[in-house]
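Working notes for the structure below.
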Amino acid sequence: MLDNGSQSVTTYNPVEIPRQLQIEPYIREALARDGHTDSPTLDTAVRTRLASQAASHRPPEPFTFYLHETTLLARPEEPVVKHEQVLHLLITSSLPRHHIRLLPADFPPANIHTGFALYRHDQHRPLVHHQQPTTSLFLEDDHDIVFYRSQLKHLANEALARQRTRDWLINYLAELESKLDHRPVTQRSSTNQITGPAEGYLQEGRRVGTRRGTLPN
């Protein structure tokens, strides 16, 4: 598998959360939007994506993810799904080899409008992977690699640092939890009963107490 055999992996997605970071309810909603309406087929696709994540969570070298603020704000997931997904991002961002960095909402799109991943290897040439709904595109020509490396360099210069990204996630998580708390009791989820490390992140978000707005430069 590419994720396991790479020295490092850098992923950018302008429209959704990178696949390696998606929780099961988010995957299910994303696949349903892509047309997977048949229940057995949808279940199989969800299991396949989750299985691929298991290897991604044990990378030998850094895994860097770039995602847009607008992706987290604009997606029409159920409130509980969004809350759980942001919580998962926050917890994953604490892993030493997982670097999650957020691009501000006013950051102009890159010259490419679909997600991609750059895989670097010790034993062979770098490789760019474009994942499409029904197929994959792999690029390894020198001019392609140079182009995508330049795009990633631009993203790195504009994205929030890891800790500032975590601060944003903490604030946003506290805001989402507040919205869940104000729903009718019959609509509330067990997410209000989270314990362990996640509870500590939520408490930290409450202490920060600032209203999230446009990301600072």
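Note on naming: chains are A, B, ... as they come in the structure tokens, residues start from 1 per chain, ligands start from 1 in the order shown.
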
Contacts of region 146-150 of chain A at 12 Å or less, counting only C-alpha atoms, minus same-chain residues fewer than 6 places along, as a short mmCIF file (atom, residue, chain, number, x, y, z; two decimals) with N, CA and C atoms, in the first residue's frame?
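Below is the file selection.cif, written as the result:
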```cif
data_model
loop_
_atom_site.label_atom_id
_atom_site.label_comp_id
_atom_site.auth_asym_id
_atom_site.auth_seq_id
_atom_site.Cartn_x
_atom_site.Cartn_y
_atom_site.Cartn_z
N VAL A 9 4.19 11.34 3.26
CA VAL A 9 3.00 11.55 2.44
C VAL A 9 2.45 12.93 2.76
N THR A 10 2.15 13.69 1.71
CA THR A 10 1.53 15.01 1.88
C THR A 10 0.26 15.06 1.06
N THR A 11 -0.84 15.40 1.71
CA THR A 11 -2.16 15.34 1.08
C THR A 11 -2.83 16.71 1.12
N TYR A 12 -3.47 17.06 0.01
CA TYR A 12 -4.25 18.29 -0.07
C TYR A 12 -5.61 17.97 -0.65
N ALA A 110 -5.88 26.67 -4.93
CA ALA A 110 -4.66 26.40 -5.67
C ALA A 110 -5.00 26.26 -7.16
N ASN A 111 -3.97 26.06 -7.97
CA ASN A 111 -4.19 25.94 -9.41
C ASN A 111 -4.85 24.62 -9.79
N ILE A 112 -5.07 23.78 -8.82
CA ILE A 112 -5.76 22.51 -9.06
C ILE A 112 -7.00 22.47 -8.18
N GLY A 115 -8.39 16.97 -5.10
CA GLY A 115 -7.40 16.56 -4.11
C GLY A 115 -6.30 15.71 -4.72
N PHE A 116 -5.15 15.72 -4.06
CA PHE A 116 -4.03 14.88 -4.50
C PHE A 116 -3.14 14.57 -3.32
N ALA A 117 -2.29 13.59 -3.50
CA ALA A 117 -1.31 13.22 -2.48
C ALA A 117 0.04 13.02 -3.15
N LEU A 118 1.09 13.52 -2.50
CA LEU A 118 2.46 13.33 -2.98
C LEU A 118 3.15 12.32 -2.07
N TYR A 119 3.61 11.23 -2.66
CA TYR A 119 4.30 10.17 -1.92
C TYR A 119 5.79 10.25 -2.23
N ARG A 120 6.59 10.30 -1.19
CA ARG A 120 8.04 10.31 -1.35
C ARG A 120 8.61 8.99 -0.87
N PRO A 126 9.39 9.96 -6.65
CA PRO A 126 8.13 10.43 -6.03
C PRO A 126 6.95 10.14 -6.94
N LEU A 127 5.78 10.11 -6.33
CA LEU A 127 4.57 9.77 -7.06
C LEU A 127 3.43 10.66 -6.58
N VAL A 128 2.65 11.18 -7.54
CA VAL A 128 1.44 11.94 -7.22
C VAL A 128 0.23 11.09 -7.53
N HIS A 129 -0.71 11.08 -6.59
CA HIS A 129 -1.93 10.29 -6.75
C HIS A 129 -3.14 11.21 -6.71
N HIS A 130 -3.97 11.14 -7.76
CA HIS A 130 -5.27 11.80 -7.79
C HIS A 130 -6.34 10.73 -7.64
N LEU A 139 0.85 10.02 -11.30
CA LEU A 139 1.78 10.84 -12.08
C LEU A 139 3.18 10.71 -11.50
N GLU A 140 4.19 10.53 -12.35
CA GLU A 140 5.56 10.45 -11.85
C GLU A 140 6.58 11.11 -12.77
N ALA A 156 2.10 25.34 2.14
CA ALA A 156 2.84 25.37 3.41
C ALA A 156 3.09 26.80 3.87
N ASN A 157 3.30 27.70 2.94
CA ASN A 157 3.55 29.10 3.30
C ASN A 157 2.29 29.80 3.80
#
```

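Shortest atom-to-atom contact with Thr70 (chain A) among A:Ser93, A:Leu152, A:Leu21, A:Pro14: A:Pro14, counting only C-alpha atoms.
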
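Counting only C-alpha atoms, the residue from A:Thr48, A:Val80, A:Arg101, A:Thr114 that sits nearest to Gln132 (chain A) is A:Thr114.
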
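Shortest atom-to-atom contact with Ile23 (chain A) among A:Val86, A:Ala174, A:Ala45, A:Leu169: A:Val86, counting only C-alpha atoms.
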
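Coordinates place CA of Glu69 (chain A) at a distance of 10.2 Å from CA of Ile17 (chain A).
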
* Skip Leu160 (chain A) itself and residues of its chain fewer than 2 positions away, then list as a ChimeraX atom specification all residues within 10 Å of it, counting only C-alpha atoms. => /A:66,100-104,155-158,162-166,168,215-217

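Across the structure, CA of His121 (chain A) and CA of Ile145 (chain A) are spaced 12.9 Å apart.
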